[in-house]
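> Submitted below is the structure of interest, expressed as structure tokens.
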Amino acid sequence: MSTQQRVYRFGVDEHGTDVTEGASSMNYTLGGKGANLAEMARIGLPVPPGFTITCQTCVEYSGANNTWPDGALDEIAQAEDDLERRMGKKLGDPNDPLLVSVRSGAPFSMPGMMDTVLNLGLNDESVQGLIKQTENPRFAWDSYRRFIQMFSNVVLDVDADLFENAITQKKVVAGVRNDSDLSAEDLEELVAEFKEIFSSYVSAEIHPELVVDGEVCFPSDPSLQLRLAIQAVFGSWMNERAILYRKQHAISDDLGTAVNVQVMVFGNKGETSATGVAFTRNPADGTKEFYGDFLVNAQGEDVVAGIRNTEPITDLKKTPGLEEAGAELEQVFVTLENHYRDMCDIEFTIEQGKLWMLQTRVGKRTATAALRIAIEMVEEGLITRDEAVSRIDPSQLDQLLHPQFDTTAKVDILARGLNASPGAAVGKVVFSSDDAVASAEAGEPCILVRWETNPDDLKGMVAAEGILTSHGGKTSHAAVIARGMGTPCVCGVESFRIDAAKKEVRVEGTDTVLHEGDMISIDGAQGIVVLGAVPLVSAELSGDLETILSWADDIRRDASFGHLVGVRANADNPEDAKLSRELGAEAIGLCRTEHMFLGDRKQIIQTFILTDEPDVRQHALADLLSVQTKDFLEMFREMDGKNVIVRLLDPPLHEFLDDPRALEVEIARAEAQGATAEELAPKRALLRRIDGMIESNPMLGLRGVRLSIVFPDLPLMQVRAIASAAATLKAQGLDPRPEIMVPLVSMTTELAQLRSVIERVIDDVERENTVELDIPIGTMIELPRACVTANEIAQHADFFSFGTNDLTQTTFGFSRDDAESKFIPIYLHRHVLESNPFETIDDGVVSLVKMAVDRGRSTNPKLDLGVCGEHGGDPRSIKKLYRAGVDYVSCSPYRVPIARLAAAQAKLSDR
Ligand code: PEP
Ligand code: MG
């Protein structure tokens, strides 16, 4: 039998002494909620007592096909007895019953994804006890009906609508509009009806433990209720939406969830009771202010569900009967911030004037808020600059580089709501999650418009460009999820009267009726909705982002620890080069010259490839030389004083030619329309030529350095263009710094031969222009053989740049053009792979990089080593590549800020 502890107590005992066993460091054992409940209890905050069942128990239970591990149920029974003793009350007691909540809590926050059961312990006897204690039969019967409803739905999957319909009918019969107007008698009747619904929808075969006298009955034994509820929470770890959420947030399926069993406190015991969620600072923009919502006389889920419109948290201490608890809560905010040294998010309940803390965690925030909070906390002396830099999630910076409304555009505001998640979005109105998915799949951006979202909407929320709700506060489901995903969101747009069944919205106070497919724009930073498509502009680096990035740069360039790490950009035109500089790139790490042969240049290269006539070919080459020289002049001028690594032509030549299938069709059509053989001869010759160049495996074919060796005219033209452009700029007093890079080298001889040819051309240009050009020559390392023989190759190279896209392709033998659509998703789903190796670099590929770094430096200690594959902009890869010893990463311009931050974090995490 295992000796591991499966249940941990938190809160006080019967003497008021804290008996907490866990702590916030035990996230992976107790889940985030359990670990932080324990921590709050430890630091003396008012936490309703309870116990946490570990995540490992969930993993074992699920792994053994929903069978309890040995001893676990005994430990839970002991914890149940212990809690009853500590509280001096018993579950199910007909005089003074103990009631508990049963909640999930995984190591990483997964808001609303898993199950919760409240008011557990009620049955026909204990409801009487609750009436006696509260002298409030309405409250007691309402709690009981909520329990049956929630338990039936969550634990036994009985359709929630069946209960909602029964409530609606009851309201019709009672002649009232709101649930809160139903009387104690109405609610008592509903309890009986709910139990009947339960009996008719739960199967006796599947749940023999619920059969009493041959009939399925709602369980009255609190211990059975508790066991079933815990099992349901464990089961919810593997529900569809939780799996999807984990996939989205790269959370492992192997962690499991803990279960927290905690004494119930009630926010719905009248006007001196309340419940709410709050943040210690504003999670949308980071302002130092208390932020959140509360509802008087309500239960916790009511706030998040957006069923009633909430009050701002700052009004709590002004609310009659809640003044003291409100002031205490503000004190708790300060205690929590000082303790966690971070912005916290909390859930609380006030029961008849007494404050109880139900949850805290380090709060999720937008990128804008993350920057503001980190900088302000440094100024307050709460954290160091290094900590501030470590705390920003690099991938979140994407949000700040997202588009905003063009300020020069005239916008007519159709409606206003809450600014729940920043960024602007334009799209067609859709009313359901499925329609959002369909719209996105059809390539049509959409805005998901809902009364309020719930966890089942996750797919649609992921697919939509933006989210709009007519209900719910800034801590509603829609707001929290949208902020987490970086999706623009406006919520609580009260003037929107949404009829999802009819797929239309009437906008109160206007004549506007929106239908599915109508175009709208939303700005989640301002909380506004505009009819039609507003032009968007991309954001700039400024203010807080600039500050954090400059701190990150200081860390990257700090020689006192680790090694320096540079950030360059992949850019092949002057506009991108300029943008890269503005975003902080120190150099161009990869200029793919094939991108310079698109548009009207395609014709010239096609002529060069296809002609058999030497004159025509020379002419085409001269034209190419002229346009390439102009290209490089512009690039080097834009990057004056900064290095620009120009890569010689890489792709197979047939990529510049027409699609042979389209050409075949064209010939067949012309033939059918009567074209003569003579007329068709040139096209047929062209087709033969293209067919002759087609390869079965072009990615492993005549490309890269092989092309330069077989057709040396092209690279020579390119080298001449690079050197001539540099010579011209030097003559103008500028400081061009080109470097020449040879792609796809696998053998030393390839590089050695090409290098001498390149050097000869540079010499010629130097002589012709009487100028001295210092142009380093290096190679891409993107084939396994190159890694293995890097010590030899390095003797002919001034630098290496790792092409991790091709290196991933050739190490795995996965086609980079096909694998991601064909089988990688299946590999990910079945856990053959844990992440897509084309996004986050694989450890096997990193080993090859490391081998090449070490071997290369062993023969050429001055070798400059960088990475220019897509991984150069991926934070997780940057960490691994830093450890492998590279000097810089190079990535697309918009990823440069992300890489600057990630590189600093890589250094810090290695310290
Ligand atoms: C690479 O292979 O990683 C690389 C940067 O080159 P390309 O993507 O152009 O093949
Ligand atoms: Mg490559």
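Chains: A, B, ... in order of the structure tokens. Residues: from 1 per chain. Ligands: from 1, in order shown.
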Just want the residues within 8 Å of ligand 2, written as a list in words, counting only C-alpha atoms and all ligand atoms.

Asp650, Pro743, Leu744, Met780, Glu782, Gly803, Thr804, Asn805, Asp806, Leu807 and Gly869 of chain A

> Keeping only all heavy atoms, take the residues you just selected and write them out as a PDB file, in the first residue's frame.


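So the final result, stored in part22.pdb, reads:
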```pdb
ATOM      1  N   ASP A 650      18.481  29.888 -52.530  1.00  0.00           N
ATOM      2  CA  ASP A 650      18.319  28.587 -51.881  1.00  0.00           C
ATOM      3  C   ASP A 650      17.333  27.640 -52.580  1.00  0.00           C
ATOM      4  O   ASP A 650      17.645  26.457 -52.768  1.00  0.00           O
ATOM      5  CB  ASP A 650      17.898  28.831 -50.417  1.00  0.00           C
ATOM      6  CG  ASP A 650      17.779  27.551 -49.603  1.00  0.00           C
ATOM      7  OD1 ASP A 650      18.321  26.515 -50.016  1.00  0.00           O
ATOM      8  OD2 ASP A 650      17.141  27.588 -48.537  1.00  0.00           O
ATOM      9  N   PRO A 743      23.708  28.477 -48.273  1.00  0.00           N
ATOM     10  CA  PRO A 743      22.728  27.569 -47.649  1.00  0.00           C
ATOM     11  C   PRO A 743      22.981  26.087 -47.927  1.00  0.00           C
ATOM     12  O   PRO A 743      23.638  25.731 -48.902  1.00  0.00           O
ATOM     13  CB  PRO A 743      21.407  28.009 -48.289  1.00  0.00           C
ATOM     14  CG  PRO A 743      21.775  28.613 -49.598  1.00  0.00           C
ATOM     15  CD  PRO A 743      23.193  29.107 -49.505  1.00  0.00           C
ATOM     16  N   LEU A 744      22.444  25.262 -47.068  1.00  0.00           N
ATOM     17  CA  LEU A 744      22.325  23.807 -47.246  1.00  0.00           C
ATOM     18  C   LEU A 744      23.644  23.066 -47.486  1.00  0.00           C
ATOM     19  O   LEU A 744      23.711  22.095 -48.229  1.00  0.00           O
ATOM     20  CB  LEU A 744      21.343  23.502 -48.392  1.00  0.00           C
ATOM     21  CG  LEU A 744      20.480  22.273 -48.147  1.00  0.00           C
ATOM     22  CD1 LEU A 744      19.402  22.560 -47.112  1.00  0.00           C
ATOM     23  CD2 LEU A 744      19.819  21.807 -49.420  1.00  0.00           C
ATOM     24  N   MET A 780      24.976  28.287 -43.632  1.00  0.00           N
ATOM     25  CA  MET A 780      23.887  27.791 -42.809  1.00  0.00           C
ATOM     26  C   MET A 780      24.259  26.381 -42.379  1.00  0.00           C
ATOM     27  O   MET A 780      24.873  25.639 -43.128  1.00  0.00           O
ATOM     28  CB  MET A 780      22.582  27.763 -43.593  1.00  0.00           C
ATOM     29  CG  MET A 780      22.213  29.136 -44.017  1.00  0.00           C
ATOM     30  SD  MET A 780      20.481  29.490 -44.177  1.00  0.00           S
ATOM     31  CE  MET A 780      19.670  28.802 -42.827  1.00  0.00           C
ATOM     32  N   GLU A 782      22.171  23.343 -41.491  1.00  0.00           N
ATOM     33  CA  GLU A 782      20.770  22.920 -41.491  1.00  0.00           C
ATOM     34  C   GLU A 782      20.615  21.466 -41.929  1.00  0.00           C
ATOM     35  O   GLU A 782      19.512  21.034 -42.248  1.00  0.00           O
ATOM     36  CB  GLU A 782      19.913  23.870 -42.332  1.00  0.00           C
ATOM     37  CG  GLU A 782      20.490  24.223 -43.687  1.00  0.00           C
ATOM     38  CD  GLU A 782      19.700  25.316 -44.426  1.00  0.00           C
ATOM     39  OE1 GLU A 782      18.568  25.638 -44.028  1.00  0.00           O
ATOM     40  OE2 GLU A 782      20.216  25.821 -45.434  1.00  0.00           O
ATOM     41  N   GLY A 803      19.896  26.794 -39.544  1.00  0.00           N
ATOM     42  CA  GLY A 803      18.589  26.797 -40.205  1.00  0.00           C
ATOM     43  C   GLY A 803      17.776  25.681 -39.574  1.00  0.00           C
ATOM     44  O   GLY A 803      17.733  24.554 -40.055  1.00  0.00           O
ATOM     45  N   THR A 804      17.149  26.013 -38.469  1.00  0.00           N
ATOM     46  CA  THR A 804      16.502  24.946 -37.693  1.00  0.00           C
ATOM     47  C   THR A 804      15.233  24.424 -38.353  1.00  0.00           C
ATOM     48  O   THR A 804      14.734  23.369 -37.976  1.00  0.00           O
ATOM     49  CB  THR A 804      16.211  25.433 -36.268  1.00  0.00           C
ATOM     50  OG1 THR A 804      15.575  26.703 -36.352  1.00  0.00           O
ATOM     51  CG2 THR A 804      17.486  25.537 -35.451  1.00  0.00           C
ATOM     52  N   ASN A 805      14.723  25.153 -39.371  1.00  0.00           N
ATOM     53  CA  ASN A 805      13.561  24.608 -40.091  1.00  0.00           C
ATOM     54  C   ASN A 805      14.000  23.375 -40.876  1.00  0.00           C
ATOM     55  O   ASN A 805      13.420  22.293 -40.751  1.00  0.00           O
ATOM     56  CB  ASN A 805      12.990  25.633 -41.078  1.00  0.00           C
ATOM     57  CG  ASN A 805      12.629  26.939 -40.420  1.00  0.00           C
ATOM     58  OD1 ASN A 805      12.289  26.959 -39.243  1.00  0.00           O
ATOM     59  ND2 ASN A 805      12.713  28.023 -41.160  1.00  0.00           N
ATOM     60  N   ASP A 806      15.048  23.550 -41.680  1.00  0.00           N
ATOM     61  CA  ASP A 806      15.527  22.406 -42.456  1.00  0.00           C
ATOM     62  C   ASP A 806      16.179  21.367 -41.548  1.00  0.00           C
ATOM     63  O   ASP A 806      16.084  20.167 -41.808  1.00  0.00           O
ATOM     64  CB  ASP A 806      16.525  22.874 -43.525  1.00  0.00           C
ATOM     65  CG  ASP A 806      15.806  23.277 -44.801  1.00  0.00           C
ATOM     66  OD1 ASP A 806      14.957  22.489 -45.263  1.00  0.00           O
ATOM     67  OD2 ASP A 806      16.061  24.374 -45.308  1.00  0.00           O
ATOM     68  N   LEU A 807      16.826  21.843 -40.488  1.00  0.00           N
ATOM     69  CA  LEU A 807      17.480  20.871 -39.601  1.00  0.00           C
ATOM     70  C   LEU A 807      16.428  19.986 -38.914  1.00  0.00           C
ATOM     71  O   LEU A 807      16.648  18.786 -38.730  1.00  0.00           O
ATOM     72  CB  LEU A 807      18.341  21.611 -38.561  1.00  0.00           C
ATOM     73  CG  LEU A 807      19.268  20.726 -37.727  1.00  0.00           C
ATOM     74  CD1 LEU A 807      20.203  19.893 -38.606  1.00  0.00           C
ATOM     75  CD2 LEU A 807      20.097  21.556 -36.748  1.00  0.00           C
ATOM     76  N   GLY A 869      16.260  29.955 -38.100  1.00  0.00           N
ATOM     77  CA  GLY A 869      15.009  29.242 -38.371  1.00  0.00           C
ATOM     78  C   GLY A 869      13.892  29.863 -37.528  1.00  0.00           C
ATOM     79  O   GLY A 869      14.161  30.695 -36.659  1.00  0.00           O
TER      80      GLY A 869
END
```

> Which polymer residues have any atom within 10 Å of an atom of stretch 315-320 of chain A, counting only C-alpha atoms, with same-chain residues fewer than 4 positions away left out, as a PyMOL selection string?

chain A and resi 271-272+274+276+293-296+311+324-330

> Rank A:Val529, A:Val449, A:Ala727, A:Met264 by their smallest atom-to-atom distance to A:Thr770, using only C-alpha atoms, and report the top residue only.

A:Ala727

> DSSP on the backbone: which residues in stretch 615-829 of chain A end up as helix (DSSP H, G or I)? Give the answer as a PyMOL selection string.

chain A and resi 615-638+653-656+660-672+677-693+698-700+705-710+713-731+748-769+784-788+790-796+804-812+819-822+824-829

> Could you pull out the residues in stretch 175-404 of chain A that DSSP calls strand (DSSP E) from the backbone, as number ranges by chain?

A: 211-212, 215-216, 258-263, 274-279, 291-296, 311-312, 344-351, 354-362, 404

> Which polymer residues have any atom within 12 Å of an atom of A:Pro712, counting only C-alpha atoms, with same-chain residues fewer than 3 positions away left out, as an MDAnalysis selection string?

chainID A and resid 621 648:649 704:709 715:719 753:755 757:758 761

> Please produce a file of the residues just selected, as a PDB file, in the first residue's frame, where the atoms kept are N, CA and C atoms.


```
ATOM      1  N   LEU A 621      20.887  37.826 -66.987  1.00  0.00           N
ATOM      2  CA  LEU A 621      21.778  37.899 -65.823  1.00  0.00           C
ATOM      3  C   LEU A 621      22.151  39.357 -65.505  1.00  0.00           C
ATOM      4  N   LEU A 648      22.709  33.372 -50.223  1.00  0.00           N
ATOM      5  CA  LEU A 648      22.631  33.114 -51.663  1.00  0.00           C
ATOM      6  C   LEU A 648      21.395  32.261 -51.947  1.00  0.00           C
ATOM      7  N   LEU A 649      20.998  32.309 -53.234  1.00  0.00           N
ATOM      8  CA  LEU A 649      19.738  31.658 -53.636  1.00  0.00           C
ATOM      9  C   LEU A 649      19.635  30.217 -53.092  1.00  0.00           C
ATOM     10  N   GLY A 704      20.039  25.170 -52.652  1.00  0.00           N
ATOM     11  CA  GLY A 704      21.103  25.610 -51.761  1.00  0.00           C
ATOM     12  C   GLY A 704      22.449  25.641 -52.466  1.00  0.00           C
ATOM     13  N   VAL A 705      23.457  25.235 -51.728  1.00  0.00           N
ATOM     14  CA  VAL A 705      24.816  25.288 -52.273  1.00  0.00           C
ATOM     15  C   VAL A 705      24.949  24.464 -53.552  1.00  0.00           C
ATOM     16  N   ARG A 706      24.122  23.429 -53.671  1.00  0.00           N
ATOM     17  CA  ARG A 706      24.212  22.545 -54.859  1.00  0.00           C
ATOM     18  C   ARG A 706      23.901  23.347 -56.117  1.00  0.00           C
ATOM     19  N   LEU A 707      22.926  24.225 -55.996  1.00  0.00           N
ATOM     20  CA  LEU A 707      22.529  25.077 -57.112  1.00  0.00           C
ATOM     21  C   LEU A 707      23.713  25.962 -57.520  1.00  0.00           C
ATOM     22  N   SER A 708      24.398  26.499 -56.511  1.00  0.00           N
ATOM     23  CA  SER A 708      25.532  27.388 -56.785  1.00  0.00           C
ATOM     24  C   SER A 708      26.660  26.647 -57.471  1.00  0.00           C
ATOM     25  N   ILE A 709      26.822  25.383 -57.119  1.00  0.00           N
ATOM     26  CA  ILE A 709      27.914  24.619 -57.729  1.00  0.00           C
ATOM     27  C   ILE A 709      27.552  24.206 -59.155  1.00  0.00           C
ATOM     28  N   PRO A 715      24.933  32.594 -58.280  1.00  0.00           N
ATOM     29  CA  PRO A 715      25.549  33.122 -57.060  1.00  0.00           C
ATOM     30  C   PRO A 715      26.627  34.158 -57.357  1.00  0.00           C
ATOM     31  N   LEU A 716      27.323  34.000 -58.452  1.00  0.00           N
ATOM     32  CA  LEU A 716      28.353  34.987 -58.761  1.00  0.00           C
ATOM     33  C   LEU A 716      27.720  36.355 -58.998  1.00  0.00           C
ATOM     34  N   MET A 717      26.579  36.334 -59.732  1.00  0.00           N
ATOM     35  CA  MET A 717      25.855  37.586 -59.951  1.00  0.00           C
ATOM     36  C   MET A 717      25.460  38.192 -58.595  1.00  0.00           C
ATOM     37  N   GLN A 718      24.981  37.331 -57.691  1.00  0.00           N
ATOM     38  CA  GLN A 718      24.529  37.851 -56.397  1.00  0.00           C
ATOM     39  C   GLN A 718      25.687  38.435 -55.583  1.00  0.00           C
ATOM     40  N   VAL A 719      26.800  37.724 -55.584  1.00  0.00           N
ATOM     41  CA  VAL A 719      27.957  38.208 -54.819  1.00  0.00           C
ATOM     42  C   VAL A 719      28.432  39.547 -55.390  1.00  0.00           C
ATOM     43  N   GLN A 753      34.915  25.091 -51.945  1.00  0.00           N
ATOM     44  CA  GLN A 753      34.954  25.452 -53.369  1.00  0.00           C
ATOM     45  C   GLN A 753      34.227  26.763 -53.631  1.00  0.00           C
ATOM     46  N   LEU A 754      33.023  26.875 -53.059  1.00  0.00           N
ATOM     47  CA  LEU A 754      32.239  28.079 -53.331  1.00  0.00           C
ATOM     48  C   LEU A 754      32.908  29.311 -52.718  1.00  0.00           C
ATOM     49  N   ARG A 755      33.498  29.113 -51.562  1.00  0.00           N
ATOM     50  CA  ARG A 755      34.134  30.240 -50.887  1.00  0.00           C
ATOM     51  C   ARG A 755      35.216  30.875 -51.778  1.00  0.00           C
ATOM     52  N   VAL A 757      35.408  30.874 -54.964  1.00  0.00           N
ATOM     53  CA  VAL A 757      34.782  31.591 -56.074  1.00  0.00           C
ATOM     54  C   VAL A 757      34.230  32.943 -55.580  1.00  0.00           C
ATOM     55  N   ILE A 758      33.585  32.918 -54.416  1.00  0.00           N
ATOM     56  CA  ILE A 758      33.009  34.148 -53.853  1.00  0.00           C
ATOM     57  C   ILE A 758      34.129  35.172 -53.596  1.00  0.00           C
ATOM     58  N   VAL A 761      35.291  36.962 -56.695  1.00  0.00           N
ATOM     59  CA  VAL A 761      34.396  38.041 -57.164  1.00  0.00           C
ATOM     60  C   VAL A 761      34.569  39.282 -56.278  1.00  0.00           C
TER      61      VAL A 761
END
```

> What's around A:Lys850 at 9 Å? Count only C-alpha atoms, leave out sequence neighbours fewer than 6 positions away in its own chain, and write the answer as a VMD selection string.

chain A and resid 787 881 883 to 886

> So that I can check the surroundings of stretch 359-376 of chain A, please list as a PyMOL selection string every protein, DNA and RNA residue that reaches within 6 Å of it, counting only C-alpha atoms and ignoring chain neighbours fewer than 4 positions away.

chain A and resi 283-286+343-347+388+396-397+483+544

> Residues of the last selection are to be written out with C-alpha atoms, as a compact mmCIF listing (two decimals), in the first residue's frame.


```txt
# COMPACT_ATOMS: atom_id res chain seq x y z
CA PRO A 283 -5.89 43.42 -14.68
CA ALA A 284 -6.83 45.20 -17.91
CA ASP A 285 -4.45 48.17 -17.77
CA GLY A 286 -2.46 47.60 -14.56
CA MET A 343 -1.04 41.23 -8.27
CA CYS A 344 -3.54 38.72 -6.88
CA ASP A 345 -7.00 37.73 -7.91
CA ILE A 346 -9.43 36.67 -5.23
CA GLU A 347 -12.86 35.26 -4.59
CA ALA A 388 10.07 42.29 -13.49
CA GLN A 396 1.73 37.83 -24.43
CA LEU A 397 3.61 40.74 -25.99
CA ARG A 483 -7.77 38.31 -21.69
CA ASP A 544 6.12 50.55 -20.57
```

> Find the residue from A:Gln248, A:Arg557, A:Gly423, A:Ala160 that sits nearest to A:Ala463; use only C-alpha atoms when measuring.

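Distance minimum relative to A:Ala463 lands on A:Gln248.
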
> What is the atom CA of A:Gly22 to atom CA of A:Phe51 distance in Å?

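One can read the atom CA of A:Gly22 to atom CA of A:Phe51 distance as 9.6 Å.
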
> Which residues come within 12 Å of A:Arg688, counting only C-alpha atoms, excluding same-chain residues fewer than 2 positions away, as a ChimeraX atom specification?

/A:610,658,660-661,663-664,681-686,690-694

> Write out as a PyMOL selection string the residues lying within 12 Å of A:Ser815, counting only C-alpha atoms and excluding same-chain residues fewer than 4 positions away.

chain A and resi 697-700+805-811+819-824+837-838

> For the atom pair atom CA of A:Phe636 and atom CA of A:Ala726, what is the interatomic distance in Å to one decimal place?

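Calculated distance between atom CA of A:Phe636 and atom CA of A:Ala726 is 7.4 Å.
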
> Go ahead and compute the interatomic distance for atom CA of A:Val19 and atom CA of A:Lys90, in Å to one decimal.

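Calculated distance between atom CA of A:Val19 and atom CA of A:Lys90 is 19.2 Å.
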